[in-house]
Amino acid sequence: MALIVYAFIRPLLIVLVTITMCAATIQSVTTRFTERKRVLTSHTTLHNISKIKCVERCNKESQNSMCTLAGYHKSTKTCYLSVDNPQDVLNTTDEMSGVFFIGMINE
């Protein structure tokens, strides 16, 4: 009986340990989206991508200093990865455009 219980619980313990190890490696990053803004320049354009995937991509590239801001257009689902400074962000009247400030609380 104990062997049957162990055989059932062992895979659950492996999954739990794996989840715990993965959670410990996740880095917390503050991200803020500001509407009616656009990046001045971008080095990569990603089409038909969600806002979450856009932020994840920029966050991943920020580890190699390849992304500091991500411009996003809501209606076209286009993401613009940029190494611009926050001061270089441009104002726009387009309500569908905005910029994700990765790891920054203030502009």
# chains A, B, ... in the order shown; residues from 1 in each chain; ligands from 1
call {"tool": "residues_around", "arguments": {"residues": "Phe101 of chain A", "least_positions_apart": "2", "cutoff": "7 Å", "atoms": "only C-alpha atoms", "output": "list in words"}}
result
Thr31, Arg32, Phe33, Leu69, Ala70, Val99, Gly103 and Met104 of chain A
call {"tool": "closest_residue", "arguments": {"among": "A:Thr30, A:His43, A:Val83, A:Asp94", "to": "Ser62 of chain A", "atoms": "only C-alpha atoms"}}
result
A:Val83
call {"tool": "residues_around", "arguments": {"residues": "Leu40 of chain A", "least_positions_apart": "5", "cutoff": "7 Å", "atoms": "only C-alpha atoms", "output": "ChimeraX atom specification"}}
result
/A:84,88-90
call {"tool": "select_by_dssp", "arguments": {"residues": "segment 37-103 of chain A", "states": "strand (DSSP E or B)", "output": "number ranges by chain"}}
result
A: 37-38, 44-46, 69-73, 78-82, 90-91, 97-102
call {"tool": "residues_around", "arguments": {"residues": "Cys54 of chain A", "least_positions_apart": "4", "cutoff": "8 Å", "atoms": "only C-alpha atoms", "output": "ChimeraX atom specification"}}
result
/A:46,49-50,58,70,72,79
call {"tool": "write_last_selection", "arguments": {"atoms": "N, CA and C atoms", "output": "short mmCIF file (atom, residue, chain, number, x, y, z; two decimals), in the first residue's frame"}}
result
data_model
loop_
_atom_site.label_atom_id
_atom_site.label_comp_id
_atom_site.auth_asym_id
_atom_site.auth_seq_id
_atom_site.Cartn_x
_atom_site.Cartn_y
_atom_site.Cartn_z
N LEU A 46 8.14 43.71 -34.30
CA LEU A 46 7.44 42.43 -34.18
C LEU A 46 5.97 42.65 -34.51
N ILE A 49 1.64 40.66 -32.33
CA ILE A 49 2.13 40.17 -31.05
C ILE A 49 1.32 40.84 -29.93
N SER A 50 1.09 40.12 -28.86
CA SER A 50 0.33 40.69 -27.74
C SER A 50 1.20 41.66 -26.94
N CYS A 58 11.10 42.45 -24.73
CA CYS A 58 11.96 43.57 -24.36
C CYS A 58 12.69 43.28 -23.05
N ALA A 70 9.79 49.70 -25.16
CA ALA A 70 9.06 48.98 -26.21
C ALA A 70 7.85 49.81 -26.60
N TYR A 72 4.36 50.22 -28.66
CA TYR A 72 3.32 49.24 -29.01
C TYR A 72 2.15 49.97 -29.62
N CYS A 79 4.92 45.66 -32.14
CA CYS A 79 5.84 45.96 -31.05
C CYS A 79 7.14 46.48 -31.64
#
call {"tool": "atom_distance", "arguments": {"atom1": "atom CA of Met66 of chain A", "atom2": "atom CA of Gln87 of chain A"}}
result
17.2 Å
call {"tool": "closest_residue", "arguments": {"among": "A:Ser42, A:Lys51, A:Lys60, A:Cys67", "to": "Gly98 of chain A", "atoms": "only C-alpha atoms"}}
result
A:Lys51
call {"tool": "atom_distance", "arguments": {"atom1": "atom CA of Gly71 of chain A", "atom2": "atom CA of Thr34 of chain A"}}
result
9.5 Å
